[in-house]
file start27.cif (mmCIF, N, CA and C atoms)
data_start
loop_
_atom_site.label_atom_id
_atom_site.label_comp_id
_atom_site.auth_asym_id
_atom_site.auth_seq_id
_atom_site.Cartn_x
_atom_site.Cartn_y
_atom_site.Cartn_z
N MET A 2 -80.04 -167.44 -69.19
CA MET A 2 -80.64 -166.47 -68.31
C MET A 2 -81.27 -167.13 -67.09
N ARG A 3 -81.90 -168.30 -67.33
CA ARG A 3 -82.53 -169.00 -66.23
C ARG A 3 -81.51 -169.42 -65.18
N ARG A 4 -80.35 -169.88 -65.64
CA ARG A 4 -79.29 -170.30 -64.74
C ARG A 4 -78.80 -169.12 -63.90
N ALA A 5 -78.72 -167.93 -64.47
CA ALA A 5 -78.29 -166.73 -63.76
C ALA A 5 -79.29 -166.38 -62.67
N LYS A 6 -80.61 -166.51 -62.97
CA LYS A 6 -81.63 -166.23 -61.97
C LYS A 6 -81.53 -167.20 -60.80
N GLU A 7 -81.32 -168.49 -61.10
CA GLU A 7 -81.19 -169.50 -60.06
C GLU A 7 -79.96 -169.23 -59.19
N THR A 8 -78.86 -168.85 -59.83
CA THR A 8 -77.64 -168.53 -59.08
C THR A 8 -77.87 -167.31 -58.19
N PHE A 9 -78.54 -166.30 -58.74
CA PHE A 9 -78.83 -165.08 -58.00
C PHE A 9 -79.74 -165.40 -56.81
N ARG A 10 -80.79 -166.22 -57.05
CA ARG A 10 -81.71 -166.62 -55.99
C ARG A 10 -80.97 -167.41 -54.91
N GLY A 11 -80.10 -168.31 -55.32
CA GLY A 11 -79.31 -169.10 -54.36
C GLY A 11 -78.42 -168.20 -53.51
N THR A 12 -77.84 -167.19 -54.14
CA THR A 12 -76.99 -166.24 -53.41
C THR A 12 -77.81 -165.46 -52.40
N LEU A 13 -79.02 -165.02 -52.81
CA LEU A 13 -79.89 -164.29 -51.88
C LEU A 13 -80.31 -165.17 -50.71
N ILE A 14 -80.65 -166.40 -50.98
CA ILE A 14 -81.06 -167.32 -49.91
C ILE A 14 -79.88 -167.55 -48.96
N ALA A 15 -78.70 -167.77 -49.48
CA ALA A 15 -77.52 -167.99 -48.65
C ALA A 15 -77.24 -166.76 -47.79
N ALA A 16 -77.36 -165.57 -48.38
CA ALA A 16 -77.13 -164.33 -47.63
C ALA A 16 -78.18 -164.18 -46.52
N GLY A 17 -79.43 -164.50 -46.83
CA GLY A 17 -80.49 -164.42 -45.82
C GLY A 17 -80.26 -165.39 -44.68
N VAL A 18 -79.86 -166.62 -45.01
CA VAL A 18 -79.58 -167.62 -43.97
C VAL A 18 -78.40 -167.15 -43.11
N ALA A 19 -77.37 -166.61 -43.73
CA ALA A 19 -76.20 -166.13 -42.99
C ALA A 19 -76.60 -165.00 -42.05
N ALA A 20 -77.43 -164.07 -42.52
CA ALA A 20 -77.88 -162.96 -41.68
C ALA A 20 -78.70 -163.48 -40.50
N LEU A 21 -79.58 -164.46 -40.77
CA LEU A 21 -80.40 -165.04 -39.71
C LEU A 21 -79.54 -165.72 -38.67
N VAL A 22 -78.57 -166.51 -39.10
CA VAL A 22 -77.68 -167.21 -38.17
C VAL A 22 -76.90 -166.20 -37.33
N CYS A 23 -76.36 -165.16 -37.95
CA CYS A 23 -75.61 -164.14 -37.20
C CYS A 23 -76.50 -163.46 -36.18
N GLY A 24 -77.74 -163.17 -36.56
CA GLY A 24 -78.67 -162.53 -35.64
C GLY A 24 -79.00 -163.43 -34.46
N LEU A 25 -79.21 -164.72 -34.72
CA LEU A 25 -79.52 -165.64 -33.64
C LEU A 25 -78.34 -165.84 -32.71
N VAL A 26 -77.16 -165.93 -33.26
CA VAL A 26 -75.97 -166.09 -32.42
C VAL A 26 -75.79 -164.85 -31.55
N GLY A 27 -75.99 -163.66 -32.12
CA GLY A 27 -75.85 -162.43 -31.36
C GLY A 27 -76.88 -162.31 -30.27
N CYS A 28 -78.11 -162.78 -30.52
CA CYS A 28 -79.18 -162.69 -29.53
C CYS A 28 -79.15 -163.83 -28.54
N GLY A 29 -78.40 -164.87 -28.84
CA GLY A 29 -78.41 -166.05 -27.98
C GLY A 29 -77.52 -165.92 -26.76
N GLY A 30 -76.78 -164.84 -26.65
CA GLY A 30 -75.88 -164.68 -25.50
C GLY A 30 -76.67 -164.48 -24.22
N SER A 31 -76.02 -164.71 -23.12
CA SER A 31 -76.65 -164.56 -21.82
C SER A 31 -76.85 -163.09 -21.50
N THR A 32 -77.99 -162.77 -20.89
CA THR A 32 -78.24 -161.40 -20.46
C THR A 32 -77.86 -161.20 -19.00
N ASN A 33 -77.43 -162.26 -18.33
CA ASN A 33 -77.03 -162.14 -16.94
C ASN A 33 -75.71 -161.41 -16.85
N LYS A 34 -75.67 -160.43 -15.96
CA LYS A 34 -74.43 -159.71 -15.73
C LYS A 34 -73.58 -160.53 -14.76
N PRO A 35 -72.25 -160.49 -14.89
CA PRO A 35 -71.44 -161.22 -13.93
C PRO A 35 -71.61 -160.62 -12.53
N ALA A 36 -71.58 -161.48 -11.54
CA ALA A 36 -71.73 -161.03 -10.16
C ALA A 36 -70.57 -160.11 -9.79
N ALA A 37 -70.89 -159.06 -9.05
CA ALA A 37 -69.84 -158.14 -8.60
C ALA A 37 -68.96 -158.85 -7.58
N ALA A 38 -67.70 -158.50 -7.58
CA ALA A 38 -66.78 -159.07 -6.59
C ALA A 38 -67.24 -158.65 -5.20
N PRO A 39 -67.04 -159.50 -4.21
CA PRO A 39 -67.45 -159.15 -2.85
C PRO A 39 -66.77 -157.85 -2.38
N LEU A 40 -67.49 -157.09 -1.57
CA LEU A 40 -66.95 -155.88 -0.96
C LEU A 40 -66.49 -156.25 0.44
N ASP A 41 -65.19 -156.08 0.72
CA ASP A 41 -64.62 -156.37 2.03
C ASP A 41 -64.25 -155.07 2.71
N VAL A 42 -64.68 -154.92 3.98
CA VAL A 42 -64.40 -153.71 4.74
C VAL A 42 -63.77 -154.13 6.07
N ASN A 43 -62.58 -153.60 6.34
CA ASN A 43 -61.91 -153.85 7.62
C ASN A 43 -62.30 -152.77 8.60
N VAL A 44 -62.80 -153.17 9.77
CA VAL A 44 -63.27 -152.24 10.80
C VAL A 44 -62.49 -152.50 12.08
N THR A 45 -61.98 -151.42 12.67
CA THR A 45 -61.29 -151.52 13.96
C THR A 45 -61.98 -150.61 14.96
N ILE A 46 -62.28 -151.20 16.13
CA ILE A 46 -62.88 -150.44 17.23
C ILE A 46 -61.87 -150.54 18.38
N ALA A 47 -61.31 -149.39 18.75
CA ALA A 47 -60.29 -149.38 19.81
C ALA A 47 -60.37 -148.08 20.60
N ASN A 48 -60.42 -148.21 21.91
CA ASN A 48 -60.43 -147.04 22.80
C ASN A 48 -61.55 -146.05 22.45
N GLY A 49 -62.72 -146.56 22.09
CA GLY A 49 -63.86 -145.71 21.78
C GLY A 49 -63.82 -145.07 20.41
N GLN A 50 -62.82 -145.39 19.59
CA GLN A 50 -62.70 -144.84 18.25
C GLN A 50 -62.96 -145.94 17.21
N VAL A 51 -63.49 -145.53 16.07
CA VAL A 51 -63.84 -146.48 15.01
C VAL A 51 -63.12 -146.08 13.73
N THR A 52 -62.54 -147.08 13.07
CA THR A 52 -61.91 -146.88 11.77
C THR A 52 -62.44 -147.95 10.83
N PRO A 53 -62.98 -147.61 9.67
CA PRO A 53 -63.20 -146.26 9.17
C PRO A 53 -64.38 -145.60 9.87
N ALA A 54 -64.48 -144.29 9.71
CA ALA A 54 -65.61 -143.52 10.24
C ALA A 54 -66.16 -142.66 9.12
N ASN A 55 -67.46 -142.73 8.93
CA ASN A 55 -68.15 -141.93 7.91
C ASN A 55 -67.61 -142.15 6.49
N ALA A 56 -67.18 -143.36 6.20
CA ALA A 56 -66.68 -143.68 4.86
C ALA A 56 -67.86 -143.77 3.88
N THR A 57 -67.57 -143.52 2.62
CA THR A 57 -68.56 -143.70 1.56
C THR A 57 -68.07 -144.83 0.67
N LEU A 58 -68.90 -145.88 0.55
CA LEU A 58 -68.54 -147.07 -0.23
C LEU A 58 -69.58 -147.31 -1.32
N GLN A 59 -69.19 -148.08 -2.32
CA GLN A 59 -70.07 -148.40 -3.44
C GLN A 59 -70.30 -149.91 -3.48
N ALA A 60 -71.54 -150.31 -3.77
CA ALA A 60 -71.87 -151.73 -3.93
C ALA A 60 -73.04 -151.85 -4.90
N LYS A 61 -73.32 -153.08 -5.29
CA LYS A 61 -74.45 -153.40 -6.16
C LYS A 61 -75.48 -154.20 -5.36
N VAL A 62 -76.73 -154.15 -5.80
CA VAL A 62 -77.78 -154.96 -5.19
C VAL A 62 -77.35 -156.43 -5.24
N HIS A 63 -77.54 -157.15 -4.17
CA HIS A 63 -77.23 -158.57 -4.00
C HIS A 63 -75.72 -158.87 -3.93
N GLN A 64 -74.88 -157.85 -3.95
CA GLN A 64 -73.43 -158.07 -3.83
C GLN A 64 -73.12 -158.48 -2.40
N GLN A 65 -72.26 -159.46 -2.24
CA GLN A 65 -71.86 -159.88 -0.90
C GLN A 65 -70.97 -158.80 -0.29
N ILE A 66 -71.32 -158.39 0.93
CA ILE A 66 -70.54 -157.40 1.67
C ILE A 66 -70.07 -158.08 2.95
N THR A 67 -68.78 -157.99 3.21
CA THR A 67 -68.20 -158.63 4.39
C THR A 67 -67.51 -157.58 5.24
N LEU A 68 -67.88 -157.54 6.51
CA LEU A 68 -67.21 -156.66 7.47
C LEU A 68 -66.28 -157.52 8.31
N HIS A 69 -65.00 -157.17 8.32
CA HIS A 69 -64.00 -157.85 9.15
C HIS A 69 -63.74 -156.93 10.33
N VAL A 70 -64.17 -157.35 11.52
CA VAL A 70 -64.15 -156.46 12.68
C VAL A 70 -63.20 -156.96 13.75
N THR A 71 -62.36 -156.05 14.23
CA THR A 71 -61.54 -156.27 15.41
C THR A 71 -61.95 -155.21 16.42
N SER A 72 -62.33 -155.64 17.62
CA SER A 72 -62.87 -154.70 18.60
C SER A 72 -62.34 -154.99 20.00
N ASP A 73 -62.15 -153.92 20.77
CA ASP A 73 -61.77 -154.08 22.18
C ASP A 73 -62.97 -153.90 23.11
N ALA A 74 -64.18 -153.77 22.53
CA ALA A 74 -65.40 -153.60 23.33
C ALA A 74 -66.57 -154.27 22.61
N THR A 75 -67.58 -154.66 23.39
CA THR A 75 -68.78 -155.21 22.78
C THR A 75 -69.64 -154.07 22.24
N ASP A 76 -70.38 -154.37 21.21
CA ASP A 76 -71.28 -153.38 20.62
C ASP A 76 -72.27 -154.13 19.74
N GLU A 77 -73.16 -153.40 19.13
CA GLU A 77 -74.10 -153.98 18.18
C GLU A 77 -73.98 -153.20 16.88
N LEU A 78 -73.71 -153.92 15.81
CA LEU A 78 -73.53 -153.31 14.50
C LEU A 78 -74.86 -153.37 13.77
N HIS A 79 -75.34 -152.23 13.29
CA HIS A 79 -76.60 -152.16 12.57
C HIS A 79 -76.34 -151.81 11.11
N VAL A 80 -77.02 -152.51 10.21
CA VAL A 80 -76.99 -152.21 8.78
C VAL A 80 -78.42 -151.84 8.41
N HIS A 81 -78.63 -150.55 8.13
CA HIS A 81 -79.97 -150.04 7.84
C HIS A 81 -80.25 -150.17 6.35
N SER A 82 -80.75 -151.35 6.00
CA SER A 82 -80.99 -151.69 4.60
C SER A 82 -82.26 -152.52 4.50
N THR A 83 -82.56 -152.95 3.30
CA THR A 83 -83.64 -153.91 3.08
C THR A 83 -83.01 -155.15 2.49
N PRO A 84 -82.96 -156.26 3.24
CA PRO A 84 -83.41 -156.39 4.62
C PRO A 84 -82.42 -155.75 5.60
N ASP A 85 -82.92 -155.47 6.80
CA ASP A 85 -82.13 -154.89 7.88
C ASP A 85 -81.25 -155.99 8.49
N HIS A 86 -80.05 -155.63 8.94
CA HIS A 86 -79.15 -156.62 9.56
C HIS A 86 -78.62 -156.07 10.87
N LYS A 87 -78.49 -156.96 11.86
CA LYS A 87 -77.89 -156.60 13.15
C LYS A 87 -76.91 -157.70 13.52
N PHE A 88 -75.72 -157.28 13.99
CA PHE A 88 -74.68 -158.24 14.37
C PHE A 88 -74.15 -157.86 15.75
N GLN A 89 -73.95 -158.88 16.59
CA GLN A 89 -73.36 -158.66 17.90
C GLN A 89 -71.83 -158.66 17.76
N VAL A 90 -71.22 -157.56 18.16
CA VAL A 90 -69.76 -157.43 18.10
C VAL A 90 -69.22 -157.79 19.48
N ALA A 91 -68.27 -158.71 19.51
CA ALA A 91 -67.61 -159.10 20.76
C ALA A 91 -66.31 -158.32 20.90
N ALA A 92 -65.79 -158.30 22.10
CA ALA A 92 -64.47 -157.72 22.33
C ALA A 92 -63.46 -158.79 21.92
N ALA A 93 -63.18 -158.84 20.63
CA ALA A 93 -62.35 -159.91 20.07
C ALA A 93 -61.83 -159.51 18.69
N PRO A 94 -60.72 -160.11 18.28
CA PRO A 94 -60.21 -159.85 16.93
C PRO A 94 -60.89 -160.75 15.89
N ASP A 95 -60.71 -160.40 14.63
CA ASP A 95 -61.05 -161.26 13.49
C ASP A 95 -62.49 -161.78 13.47
N GLN A 96 -63.46 -160.90 13.66
CA GLN A 96 -64.86 -161.27 13.54
C GLN A 96 -65.31 -160.97 12.10
N THR A 97 -66.17 -161.81 11.57
CA THR A 97 -66.62 -161.64 10.19
C THR A 97 -68.14 -161.61 10.16
N PHE A 98 -68.68 -160.58 9.51
CA PHE A 98 -70.12 -160.43 9.36
C PHE A 98 -70.42 -160.22 7.88
N GLN A 99 -71.34 -161.02 7.33
CA GLN A 99 -71.66 -160.95 5.91
C GLN A 99 -73.13 -160.62 5.71
N PHE A 100 -73.39 -159.86 4.65
CA PHE A 100 -74.76 -159.53 4.30
C PHE A 100 -74.81 -159.08 2.85
N ALA A 101 -76.02 -158.94 2.35
CA ALA A 101 -76.26 -158.37 1.02
C ALA A 101 -77.48 -157.47 1.14
N VAL A 102 -77.60 -156.55 0.21
CA VAL A 102 -78.70 -155.58 0.21
C VAL A 102 -79.58 -155.86 -1.01
N ASP A 103 -80.90 -155.91 -0.79
CA ASP A 103 -81.84 -156.25 -1.86
C ASP A 103 -82.41 -155.04 -2.60
N VAL A 104 -82.31 -153.86 -1.99
CA VAL A 104 -82.94 -152.67 -2.56
C VAL A 104 -81.88 -151.57 -2.71
N PRO A 105 -81.79 -150.94 -3.88
CA PRO A 105 -80.80 -149.88 -4.06
C PRO A 105 -81.10 -148.68 -3.15
N GLY A 106 -80.03 -147.93 -2.86
CA GLY A 106 -80.16 -146.73 -2.03
C GLY A 106 -78.95 -146.59 -1.13
N ASN A 107 -79.00 -145.60 -0.24
CA ASN A 107 -77.91 -145.38 0.72
C ASN A 107 -78.16 -146.22 1.97
N VAL A 108 -77.17 -146.99 2.36
CA VAL A 108 -77.27 -147.90 3.49
C VAL A 108 -76.26 -147.47 4.56
N GLU A 109 -76.78 -147.15 5.74
CA GLU A 109 -75.92 -146.75 6.86
C GLU A 109 -75.47 -148.00 7.61
N VAL A 110 -74.17 -148.04 7.91
CA VAL A 110 -73.60 -149.10 8.75
C VAL A 110 -73.09 -148.39 9.99
N GLU A 111 -73.67 -148.73 11.15
CA GLU A 111 -73.32 -147.98 12.36
C GLU A 111 -73.17 -148.89 13.57
N LEU A 112 -72.48 -148.34 14.56
CA LEU A 112 -72.34 -149.02 15.84
C LEU A 112 -73.36 -148.41 16.81
N HIS A 113 -74.18 -149.25 17.40
CA HIS A 113 -75.28 -148.79 18.23
C HIS A 113 -74.80 -148.13 19.52
N HIS A 114 -73.95 -148.80 20.29
CA HIS A 114 -73.55 -148.27 21.60
C HIS A 114 -72.60 -147.08 21.49
N LEU A 115 -71.68 -147.12 20.55
CA LEU A 115 -70.77 -145.99 20.36
C LEU A 115 -71.44 -144.85 19.57
N ASN A 116 -72.59 -145.14 18.98
CA ASN A 116 -73.31 -144.15 18.19
C ASN A 116 -72.40 -143.52 17.12
N ARG A 117 -71.73 -144.39 16.37
CA ARG A 117 -70.81 -143.96 15.31
C ARG A 117 -71.21 -144.60 13.99
N THR A 118 -71.09 -143.84 12.92
CA THR A 118 -71.33 -144.37 11.59
C THR A 118 -70.01 -144.85 11.02
N ILE A 119 -69.97 -146.12 10.66
CA ILE A 119 -68.78 -146.70 10.03
C ILE A 119 -68.73 -146.26 8.58
N ALA A 120 -69.85 -146.44 7.87
CA ALA A 120 -69.87 -146.12 6.45
C ALA A 120 -71.31 -145.96 5.97
N THR A 121 -71.41 -145.25 4.84
CA THR A 121 -72.63 -145.22 4.06
C THR A 121 -72.31 -145.93 2.77
N ILE A 122 -73.06 -146.99 2.49
CA ILE A 122 -72.83 -147.76 1.27
C ILE A 122 -73.88 -147.32 0.25
N GLN A 123 -73.42 -146.82 -0.87
CA GLN A 123 -74.32 -146.41 -1.95
C GLN A 123 -74.55 -147.64 -2.82
N VAL A 124 -75.73 -148.24 -2.67
CA VAL A 124 -76.06 -149.49 -3.36
C VAL A 124 -76.79 -149.16 -4.66
N GLN A 125 -76.20 -149.61 -5.77
CA GLN A 125 -76.74 -149.36 -7.10
C GLN A 125 -77.45 -150.63 -7.62
N PRO A 126 -78.42 -150.45 -8.54
CA PRO A 126 -79.10 -151.63 -9.11
C PRO A 126 -78.13 -152.53 -9.87
#
call {"tool": "encode", "arguments": {"input": "start27.cif", "output": "structure tokens"}}
result
Amino acid sequence: MRRAKETFRGTLIAAGVAALVCGLVGCGGSTNKPAAAPLDVNVTIANGQVTPANATLQAKVHQQITLHVTSDATDELHVHSTPDHKFQVAAAPDQTFQFAVDVPGNVEVELHHLNRTIATIQVQP
């Protein structure tokens, strides 16, 4: 009978150790979420028209956002976010402007001189 109790106790201890190890392994994983892929937006300004216009885009806080701009006129691009961003647009092809947003919410991307909204970016946590 004593041997049976020892075997039973050994089995309980082994089961407890196994449960503890499984719990630690499960809890030991990283809580960091993978970074969102960069958001790339192609913008064309030609003959006073902007493409895209009034687009709705989705992004995450701290996600890299890149605007690829080709323009036939100078302008100033405003990103109304936290932090705020301003970029000088030249009358030139293949311009690249990068930024990230630190606070969730709706972020307007607009051209100052043409007074046009390129997009509203809905930034999620």
call {"tool": "resolve_selection", "arguments": {"input": "start27.cif", "expression": "the PyMOL selection byres ((chain A and resi 56) around 6)", "output": "number ranges by chain"}}
result
A: 53-55, 57-58, 118-121
call {"tool": "residues_around", "arguments": {"input": "start27.cif", "residues": "Val110 in chain A", "least_positions_apart": "2", "cutoff": "12 Å", "atoms": "only C-alpha atoms", "output": "MDAnalysis selection string"}}
result
chainID A and resid 42 44 51 53:58 66:68 77:82 85:88 98 100 102 107:108 112:113 116:123
call {"tool": "resolve_selection", "arguments": {"input": "start27.cif", "expression": "the PyMOL selection byres ((chain A and resi 72) around 5)", "output": "short mmCIF file (atom, residue, chain, number, x, y, z; two decimals) with N, CA and C atoms, keeping the file's coordinate frame"}}
result
data_model
loop_
_atom_site.label_atom_id
_atom_site.label_comp_id
_atom_site.auth_asym_id
_atom_site.auth_seq_id
_atom_site.Cartn_x
_atom_site.Cartn_y
_atom_site.Cartn_z
N ILE A 46 -62.28 -151.20 16.13
CA ILE A 46 -62.88 -150.44 17.23
C ILE A 46 -61.87 -150.54 18.38
N VAL A 70 -64.17 -157.35 11.52
CA VAL A 70 -64.15 -156.46 12.68
C VAL A 70 -63.20 -156.96 13.75
N THR A 71 -62.36 -156.05 14.23
CA THR A 71 -61.54 -156.27 15.41
C THR A 71 -61.95 -155.21 16.42
N ASP A 73 -62.15 -153.92 20.77
CA ASP A 73 -61.77 -154.08 22.18
C ASP A 73 -62.97 -153.90 23.11
N ALA A 74 -64.18 -153.77 22.53
CA ALA A 74 -65.40 -153.60 23.33
C ALA A 74 -66.57 -154.27 22.61
N ALA A 92 -65.79 -158.30 22.10
CA ALA A 92 -64.47 -157.72 22.33
C ALA A 92 -63.46 -158.79 21.92
N ALA A 93 -63.18 -158.84 20.63
CA ALA A 93 -62.35 -159.91 20.07
C ALA A 93 -61.83 -159.51 18.69
N PRO A 94 -60.72 -160.11 18.28
CA PRO A 94 -60.21 -159.85 16.93
C PRO A 94 -60.89 -160.75 15.89
#
call {"tool": "atom_distance", "arguments": {"input": "start27.cif", "atom1": "CA of Thr75 in chain A", "atom2": "CA of Asp95 in chain A"}}
result
13.5 Å
call {"tool": "resolve_selection", "arguments": {"input": "start27.cif", "expression": "the PyMOL selection byres (((chain A and resi 105 and name CA) around 8) and name CA)", "output": "list in words"}}
result
Lys61, Val62, Val102, Asp103, Val104, Gly106, Asn107, Gln123, Val124, Gln125 and Pro126 of chain A
call {"tool": "closest_residue", "arguments": {"input": "start27.cif", "among": "A:Gly49, A:Leu115, A:Gln99, A:Gln59", "to": "Asp76 in chain A", "atoms": "only C-alpha atoms"}}
result
A:Leu115
